[in-house]
$ cat my_file34.cif   # mmCIF, C-alpha atoms
data_query
#
loop_
_atom_site.label_atom_id
_atom_site.label_comp_id
_atom_site.auth_asym_id
_atom_site.auth_seq_id
_atom_site.Cartn_x
_atom_site.Cartn_y
_atom_site.Cartn_z
CA MET J 1 107.11 116.09 98.93
CA TYR J 2 106.43 116.93 95.27
CA SER J 3 103.97 114.30 94.04
CA GLY J 4 102.33 113.48 97.37
CA LYS J 5 99.49 116.00 97.17
CA VAL J 6 98.40 114.64 93.80
CA ALA J 7 98.58 111.04 95.01
CA GLY J 8 96.69 111.98 98.16
CA ALA J 9 93.92 113.61 96.14
CA ILE J 10 93.51 110.35 94.22
CA TYR J 11 93.57 108.03 97.20
CA GLY J 12 91.10 110.26 99.00
CA ARG J 13 88.57 109.41 96.28
CA VAL J 14 89.20 105.66 96.02
CA ALA J 15 87.43 102.82 97.83
CA LEU J 16 90.45 100.56 98.20
CA PRO J 17 89.89 96.81 97.74
CA LYS J 18 92.22 94.28 99.32
CA LEU J 19 93.99 93.50 96.02
CA VAL J 20 95.98 95.96 93.93
CA VAL J 21 98.07 95.61 90.75
CA LEU J 22 100.84 98.23 90.62
CA LEU J 23 102.39 99.04 87.24
CA GLY J 24 105.46 101.25 87.07
CA PRO J 25 108.45 102.16 84.91
CA ASN J 26 111.96 100.78 85.14
CA HIS J 27 114.35 103.70 85.81
CA THR J 28 117.45 101.61 86.52
CA GLY J 29 117.77 99.37 83.46
CA LEU J 30 118.08 96.31 85.70
CA GLY J 31 116.26 93.09 84.90
CA PRO J 32 114.16 91.98 81.91
CA TRP J 33 111.77 94.08 79.80
CA GLY J 34 108.89 93.21 82.08
CA SER J 35 109.45 92.17 85.71
CA ILE J 36 106.97 90.71 88.18
CA MET J 37 107.40 89.39 91.71
CA THR J 38 104.96 86.66 92.74
CA ARG J 39 105.92 86.17 96.39
CA GLY J 40 107.38 87.95 99.39
CA ARG J 41 106.84 91.16 101.33
CA TRP J 42 108.01 94.73 100.78
CA ALA J 43 109.13 96.69 103.85
CA ILE J 44 108.37 100.39 104.25
CA PRO J 45 108.70 102.63 107.32
CA GLY J 46 106.08 101.55 109.83
CA GLY J 47 105.41 98.09 108.44
CA ASP J 48 105.33 95.98 105.32
CA LEU J 49 102.97 94.81 102.59
CA GLU J 50 102.50 91.32 101.23
CA ILE J 51 102.56 90.41 97.56
CA ALA J 52 99.30 88.84 96.35
CA ALA J 53 100.91 85.58 95.32
CA ASP J 54 97.94 83.85 93.67
CA LEU J 55 96.98 86.88 91.62
CA ALA J 56 100.60 87.53 90.61
CA GLU J 57 101.10 83.94 89.49
CA ALA J 58 97.87 84.07 87.48
CA ILE J 59 99.02 87.22 85.66
CA LEU J 60 102.45 85.71 84.99
CA SER J 61 100.90 82.53 83.55
CA ARG J 62 98.96 84.60 81.01
CA CYS J 63 101.79 86.90 79.92
CA ALA J 64 104.93 85.79 78.09
CA GLU J 65 106.21 89.37 78.22
CA LEU J 66 106.66 89.21 82.01
CA LYS J 67 109.42 87.37 83.84
CA GLU J 68 109.76 86.46 87.50
CA ASP J 69 112.46 88.87 88.69
CA GLU J 70 113.56 90.81 91.77
CA SER J 71 116.49 92.81 90.36
CA ALA J 72 114.32 95.36 88.50
CA HIS J 73 112.49 96.15 91.75
CA ALA J 74 115.52 96.37 94.04
CA ARG J 75 116.38 100.03 93.39
CA GLU J 76 113.15 101.20 91.71
CA HIS J 77 111.08 103.86 93.46
CA ALA J 78 107.98 104.31 91.29
CA LEU J 79 105.96 101.58 92.99
CA GLU J 80 107.38 102.18 96.46
CA VAL J 81 105.97 105.71 96.64
CA GLN J 82 102.45 104.27 96.36
CA LEU J 83 102.82 101.80 99.23
CA PRO J 84 102.48 104.20 102.20
CA PHE J 85 99.13 105.41 100.84
CA LEU J 86 97.92 101.86 100.31
CA ARG J 87 98.98 100.69 103.75
CA ARG J 88 97.49 103.73 105.47
CA LEU J 89 94.12 103.24 103.79
CA ARG J 90 94.03 99.46 104.14
CA PRO J 91 96.65 97.75 106.33
CA ASP J 92 95.71 94.29 104.99
CA VAL J 93 96.19 95.28 101.34
CA GLN J 94 98.10 92.89 99.07
CA PHE J 95 99.68 93.95 95.80
CA VAL J 96 101.27 92.70 92.58
CA PRO J 97 104.37 94.66 91.45
CA LEU J 98 104.95 95.00 87.69
CA THR J 99 107.91 97.02 86.41
CA LEU J 100 108.08 97.67 82.66
CA MET J 101 111.16 98.79 80.74
CA LYS J 102 110.11 98.19 77.11
CA THR J 103 107.83 100.93 75.79
CA ASP J 104 106.63 99.80 72.36
CA LEU J 105 102.88 99.58 71.88
CA ALA J 106 102.60 95.84 71.16
CA PHE J 107 104.53 94.93 74.31
CA CYS J 108 102.52 97.27 76.53
CA GLU J 109 99.20 96.13 75.09
CA ALA J 110 100.11 92.47 75.61
CA VAL J 111 100.85 93.15 79.28
CA GLY J 112 97.64 95.15 79.63
CA ARG J 113 95.51 92.43 78.03
CA ALA J 114 97.00 89.78 80.31
CA VAL J 115 96.28 91.88 83.39
CA ALA J 116 92.75 92.63 82.18
CA ALA J 117 91.94 88.99 81.45
CA THR J 118 93.23 87.87 84.82
CA VAL J 119 91.38 90.56 86.76
CA ALA J 120 88.14 89.97 84.82
CA ALA J 121 88.19 86.31 85.85
CA TRP J 122 89.23 86.97 89.45
CA PRO J 123 86.62 86.36 92.17
CA GLU J 124 87.60 89.51 94.12
CA SER J 125 87.76 93.19 93.18
CA VAL J 126 91.17 94.39 92.01
CA LEU J 127 92.37 97.99 91.69
CA LEU J 128 94.85 98.82 88.90
CA ILE J 129 97.36 101.63 89.49
CA SER J 130 99.92 103.08 87.09
CA SER J 131 102.66 105.16 88.71
CA THR J 132 104.31 107.82 86.55
CA ASP J 133 105.54 111.38 86.41
CA LEU J 134 104.75 113.62 83.46
CA ASN J 135 107.21 115.96 81.72
CA HIS J 136 110.63 116.52 83.34
CA TYR J 137 112.95 119.48 83.84
CA GLU J 138 111.55 122.10 81.52
CA SER J 139 109.92 125.39 82.43
CA GLN J 140 106.48 125.55 84.02
CA ALA J 141 104.95 126.97 80.84
CA VAL J 142 106.45 124.27 78.60
CA SER J 143 105.61 121.46 81.00
CA ASN J 144 102.04 122.67 81.46
CA ARG J 145 101.53 122.54 77.69
CA LYS J 146 103.16 119.13 77.23
CA ASP J 147 101.47 117.66 80.28
CA ARG J 148 98.07 118.81 79.06
CA LEU J 149 98.60 116.91 75.79
CA ALA J 150 99.55 113.70 77.60
CA ILE J 151 96.66 114.03 80.05
CA GLU J 152 94.19 114.54 77.19
CA ALA J 153 95.34 111.26 75.61
CA ILE J 154 94.95 109.49 78.96
CA LEU J 155 91.48 110.94 79.48
CA ALA J 156 90.57 109.71 75.99
CA LEU J 157 91.62 106.19 77.12
CA ASP J 158 93.76 105.95 73.99
CA PRO J 159 96.99 103.93 74.45
CA ASP J 160 98.11 104.42 70.85
CA GLY J 161 97.30 108.13 71.03
CA LEU J 162 99.29 108.49 74.24
CA GLN J 163 102.31 106.85 72.64
CA ARG J 164 102.09 109.11 69.58
CA THR J 165 101.61 112.23 71.71
CA VAL J 166 104.59 111.49 73.94
CA ARG J 167 106.78 110.70 70.92
CA ASP J 168 105.70 113.57 68.66
CA HIS J 169 105.88 116.26 71.35
CA HIS J 170 109.03 114.97 73.07
CA ILE J 171 107.33 114.53 76.45
CA SER J 172 109.68 112.97 79.00
CA MET J 173 107.00 110.94 80.77
CA CYS J 174 108.86 108.18 82.57
CA GLY J 175 105.89 105.85 82.95
CA ILE J 176 104.74 105.72 79.34
CA ALA J 177 104.96 101.89 79.35
CA PRO J 178 102.85 101.16 82.46
CA THR J 179 100.31 103.85 81.58
CA THR J 180 99.94 102.48 78.06
CA ALA J 181 99.50 98.99 79.53
CA LEU J 182 96.86 100.27 81.96
CA LEU J 183 94.90 101.98 79.19
CA ALA J 184 95.08 98.80 77.12
CA ALA J 185 93.79 96.80 80.11
CA LEU J 186 90.78 99.10 80.41
CA ARG J 187 89.96 99.26 76.72
CA ASP J 188 87.41 96.43 76.67
CA PRO J 189 85.55 96.04 79.99
CA GLY J 190 82.32 98.06 80.17
CA SER J 191 82.41 101.73 79.27
CA PRO J 192 85.25 103.24 81.32
CA ARG J 193 85.25 106.95 82.15
CA ALA J 194 88.31 108.99 83.09
CA GLU J 195 88.46 112.09 85.29
CA LEU J 196 91.39 114.36 86.07
CA ILE J 197 91.39 114.87 89.84
CA ARG J 198 94.45 117.07 90.35
CA TYR J 199 97.42 118.44 88.40
CA MET J 200 100.46 120.27 89.71
CA THR J 201 104.21 120.52 89.23
CA SER J 202 107.22 120.40 91.52
CA GLY J 203 107.44 124.16 91.07
CA ASP J 204 104.15 124.54 92.92
CA VAL J 205 105.96 123.09 95.95
CA SER J 206 109.51 124.42 95.58
CA GLY J 207 108.79 127.78 93.97
CA ASP J 208 111.32 127.00 91.21
CA TYR J 209 109.40 127.22 87.94
CA ASP J 210 112.44 127.03 85.64
CA ARG J 211 112.88 123.24 85.80
CA VAL J 212 109.79 121.37 86.95
CA VAL J 213 108.35 117.85 86.95
CA GLY J 214 104.64 117.42 86.28
CA TYR J 215 102.18 115.22 88.15
CA GLY J 216 98.64 114.35 87.16
CA GLY J 217 96.15 112.23 89.07
CA VAL J 218 93.47 110.52 86.98
CA ILE J 219 90.77 108.09 88.13
CA ILE J 220 89.29 105.69 85.57
CA THR J 221 86.06 103.93 86.56
#

$ encode --input "my_file34.cif" --output "structure tokens"
Amino acid sequence: MYSGKVAGAIYGRVALPKLVVLLGPNHTGLGPWGSIMTRGRWAIPGGDLEIAADLAEAILSRCAELKEDESAHAREHALEVQLPFLRRLRPDVQFVPLTLMKTDLAFCEAVGRAVAATVAAWPESVLLISSTDLNHYESQAVSNRKDRLAIEAILALDPDGLQRTVRDHHISMCGIAPTTALLAALRDPGSPRAELIRYMTSGDVSGDYDRVVGYGGVIIT
């Protein structure tokens, strides 16, 4: 109910291919630093979605930082909230779930490079998605300021700059690891361009502007 309008604005602008790589944070502390599932199906209300096994195994083979693991995904919500949009837009979509707990730059960049190399060599189009909130549980004014700083670093396609910004300004962005990895994955191919599609906070839905969570939707092409 809070982040859905931002996600919807993004998905309304995307031509969805059959294959998607989903990168998200690890909120629970379960599992290894980097978790990937390479087989199976995830059930959501109204149906389920199949993991893209061949693509997942190819990513895993390139990345020592990732381990085959289900425990990190069992109680994690950051990837699940994307699945209803994906299934609605393309019922035959297949996805690769990556959940990252470790946030340091070298780890995130290694994951991003492995994803990028795999996707670049893949014979089909692949969409990369990072799922994250922005700042948590501060006032609307404070969160707007902090969120703007994080979004500017994302729009600059600067993984190192995003890490510094989040650290130096104490921004409680839960998905710093997957977003850093995504920016690292997009650093080399072509000349990527980033556009902010929509920004809002939970206060814009609830009317409570004292403790909000920020959401920003960015498309990188």

$ resolve_selection --input "my_file34.cif" --expression "the PyMOL selection byres ((chain J and resi 165-174) around 9)" --output "MDAnalysis selection string"
chainID J and resid 24:27 132:137 143 146:147 149:150 153 160:164 175:177 214

$ atom_distance --input "my_file34.cif" --atom1 "CA of Gly4 in chain J" --atom2 "CA of Pro84 in chain J"
10.5 Å

$ closest_residue --input "my_file34.cif" --among "J:Val213, J:Val126, J:Ala181, J:Ala120" --to "Glu138 in chain J" --atoms "only C-alpha atoms"
J:Val213

$ resolve_selection --input "my_file34.cif" --expression "the PyMOL selection byres ((chain J and resi 178) around 9)" --output "ChimeraX atom specification"
/J:22-25,98-101,103,108,111-112,129-132,175-177,179-183

$ closest_atom_pairs --input "my_file34.cif" --of "range 22-47 of chain J" --to "range 64-72 of chain J" --cutoff "9 Å" --atoms "all atoms listed in the file" --output "tab-separated table"
residue	atom	partner	partner_atom	distance
J:Asn26	CA	J:Ala72	CA	6.8
J:His27	CA	J:Ala72	CA	8.8
J:Thr28	CA	J:Ala72	CA	7.3
J:Gly29	CA	J:Ala72	CA	7.3
J:Leu30	CA	J:Ala72	CA	4.8
J:Gly31	CA	J:Ala72	CA	4.7
J:Pro32	CA	J:Lys67	CA	6.9
J:Trp33	CA	J:Leu66	CA	7.4
J:Gly34	CA	J:Leu66	CA	4.6
J:Ser35	CA	J:Lys67	CA	5.2
J:Ile36	CA	J:Glu68	CA	5.1
J:Met37	CA	J:Glu68	CA	5.6
J:Thr38	CA	J:Glu68	CA	7.1

$ closest_residue --input "my_file34.cif" --among "J:Asn144, J:Ser3, J:Thr118, J:Ser139" --to "Gln82 in chain J" --atoms "only C-alpha atoms"
J:Ser3

$ resolve_selection --input "my_file34.cif" --expression "the PyMOL selection byres ((chain J and resi 16) around 10)" --output "ChimeraX atom specification"
/J:11-15,17-20,86,89-90,93,125-127

$ decode --input "my_file34.cif" --residues "range 191-204 of chain J" --atoms "all heavy atoms" --output "mmCIF file, in the first residue's frame"
data_model
loop_
_atom_site.group_PDB
_atom_site.id
_atom_site.type_symbol
_atom_site.label_atom_id
_atom_site.label_comp_id
_atom_site.auth_asym_id
_atom_site.auth_seq_id
_atom_site.Cartn_x
_atom_site.Cartn_y
_atom_site.Cartn_z
ATOM 1 N N SER J 191 26.257 3.272 -22.949
ATOM 2 C CA SER J 191 26.238 4.544 -22.216
ATOM 3 C C SER J 191 24.904 4.652 -21.495
ATOM 4 O O SER J 191 23.967 5.289 -21.985
ATOM 5 C CB SER J 191 26.428 5.719 -23.187
ATOM 6 O OG SER J 191 27.649 5.620 -23.869
ATOM 7 N N PRO J 192 24.773 4.014 -20.331
ATOM 8 C CA PRO J 192 23.474 3.981 -19.654
ATOM 9 C C PRO J 192 23.025 5.369 -19.209
ATOM 10 O O PRO J 192 23.833 6.235 -18.871
ATOM 11 C CB PRO J 192 23.724 3.064 -18.449
ATOM 12 C CG PRO J 192 25.196 3.079 -18.233
ATOM 13 C CD PRO J 192 25.805 3.281 -19.579
ATOM 14 N N ARG J 193 21.708 5.566 -19.213
ATOM 15 C CA ARG J 193 21.087 6.804 -18.751
ATOM 16 C C ARG J 193 20.044 6.468 -17.706
ATOM 17 O O ARG J 193 19.306 5.495 -17.851
ATOM 18 C CB ARG J 193 20.440 7.553 -19.927
ATOM 19 C CG ARG J 193 21.427 8.045 -20.963
ATOM 20 C CD ARG J 193 20.722 8.737 -22.122
ATOM 21 N NE ARG J 193 19.911 7.778 -22.871
ATOM 22 C CZ ARG J 193 18.608 7.896 -23.039
ATOM 23 N NH1 ARG J 193 17.946 8.902 -22.492
ATOM 24 N NH2 ARG J 193 17.935 7.006 -23.743
ATOM 25 N N ALA J 194 19.981 7.275 -16.659
ATOM 26 C CA ALA J 194 19.061 7.033 -15.552
ATOM 27 C C ALA J 194 18.038 8.154 -15.472
ATOM 28 O O ALA J 194 18.372 9.331 -15.661
ATOM 29 C CB ALA J 194 19.825 6.924 -14.237
ATOM 30 N N GLU J 195 16.798 7.781 -15.154
ATOM 31 C CA GLU J 195 15.713 8.759 -15.042
ATOM 32 C C GLU J 195 14.865 8.439 -13.815
ATOM 33 O O GLU J 195 14.433 7.297 -13.629
ATOM 34 C CB GLU J 195 14.838 8.712 -16.293
ATOM 35 C CG GLU J 195 13.662 9.686 -16.258
ATOM 36 C CD GLU J 195 12.747 9.548 -17.461
ATOM 37 O OE1 GLU J 195 13.009 8.679 -18.317
ATOM 38 O OE2 GLU J 195 11.765 10.309 -17.527
ATOM 39 N N LEU J 196 14.637 9.440 -12.981
ATOM 40 C CA LEU J 196 13.726 9.293 -11.851
ATOM 41 C C LEU J 196 12.292 9.396 -12.362
ATOM 42 O O LEU J 196 11.897 10.406 -12.935
ATOM 43 C CB LEU J 196 13.989 10.371 -10.799
ATOM 44 C CG LEU J 196 13.031 10.376 -9.599
ATOM 45 C CD1 LEU J 196 13.174 9.103 -8.772
ATOM 46 C CD2 LEU J 196 13.277 11.613 -8.726
ATOM 47 N N ILE J 197 11.513 8.342 -12.136
ATOM 48 C CA ILE J 197 10.141 8.284 -12.632
ATOM 49 C C ILE J 197 9.156 8.781 -11.578
ATOM 50 O O ILE J 197 8.235 9.549 -11.883
ATOM 51 C CB ILE J 197 9.780 6.853 -13.064
ATOM 52 C CG1 ILE J 197 10.765 6.344 -14.112
ATOM 53 C CG2 ILE J 197 8.338 6.793 -13.580
ATOM 54 C CD1 ILE J 197 10.841 7.178 -15.361
ATOM 55 N N ARG J 198 9.336 8.376 -10.333
ATOM 56 C CA ARG J 198 8.421 8.812 -9.281
ATOM 57 C C ARG J 198 9.096 8.703 -7.923
ATOM 58 O O ARG J 198 9.882 7.784 -7.682
ATOM 59 C CB ARG J 198 7.132 7.986 -9.291
ATOM 60 C CG ARG J 198 6.097 8.484 -8.288
ATOM 61 C CD ARG J 198 4.715 7.968 -8.590
ATOM 62 N NE ARG J 198 3.733 8.618 -7.717
ATOM 63 C CZ ARG J 198 2.421 8.399 -7.792
ATOM 64 N NH1 ARG J 198 1.929 7.564 -8.693
ATOM 65 N NH2 ARG J 198 1.592 9.022 -6.977
ATOM 66 N N TYR J 199 8.801 9.649 -7.041
ATOM 67 C CA TYR J 199 9.267 9.609 -5.654
ATOM 68 C C TYR J 199 8.099 9.947 -4.739
ATOM 69 O O TYR J 199 7.310 10.861 -5.026
ATOM 70 C CB TYR J 199 10.402 10.617 -5.424
ATOM 71 C CG TYR J 199 10.723 10.788 -3.952
ATOM 72 C CD1 TYR J 199 11.493 9.846 -3.288
ATOM 73 C CD2 TYR J 199 10.232 11.878 -3.228
ATOM 74 C CE1 TYR J 199 11.770 9.972 -1.935
ATOM 75 C CE2 TYR J 199 10.507 12.015 -1.878
ATOM 76 C CZ TYR J 199 11.275 11.063 -1.236
ATOM 77 O OH TYR J 199 11.542 11.184 0.102
ATOM 78 N N MET J 200 7.988 9.210 -3.641
ATOM 79 C CA MET J 200 7.000 9.524 -2.626
ATOM 80 C C MET J 200 7.425 8.854 -1.321
ATOM 81 O O MET J 200 8.398 8.097 -1.280
ATOM 82 C CB MET J 200 5.591 9.073 -3.043
ATOM 83 C CG MET J 200 5.443 7.596 -3.259
ATOM 84 S SD MET J 200 3.795 7.145 -3.939
ATOM 85 C CE MET J 200 2.720 7.667 -2.604
ATOM 86 N N THR J 201 6.705 9.149 -0.260
ATOM 87 C CA THR J 201 6.962 8.510 1.025
ATOM 88 C C THR J 201 5.691 7.848 1.532
ATOM 89 O O THR J 201 4.594 8.088 1.026
ATOM 90 C CB THR J 201 7.452 9.513 2.078
ATOM 91 O OG1 THR J 201 6.345 10.345 2.487
ATOM 92 C CG2 THR J 201 8.598 10.369 1.553
ATOM 93 N N SER J 202 5.853 7.035 2.576
ATOM 94 C CA SER J 202 4.686 6.415 3.202
ATOM 95 C C SER J 202 3.732 7.454 3.756
ATOM 96 O O SER J 202 2.525 7.220 3.836
ATOM 97 C CB SER J 202 5.134 5.467 4.312
ATOM 98 O OG SER J 202 5.881 6.164 5.298
ATOM 99 N N GLY J 203 4.262 8.624 4.126
ATOM 100 C CA GLY J 203 3.405 9.689 4.631
ATOM 101 C C GLY J 203 2.422 10.201 3.596
ATOM 102 O O GLY J 203 1.320 10.652 3.944
ATOM 103 N N ASP J 204 2.801 10.117 2.321
ATOM 104 C CA ASP J 204 1.897 10.537 1.254
ATOM 105 C C ASP J 204 0.688 9.620 1.142
ATOM 106 O O ASP J 204 -0.326 9.984 0.542
ATOM 107 C CB ASP J 204 2.642 10.576 -0.084
ATOM 108 C CG ASP J 204 3.785 11.576 -0.087
ATOM 109 O OD1 ASP J 204 3.625 12.646 0.520
ATOM 110 O OD2 ASP J 204 4.833 11.275 -0.692
#
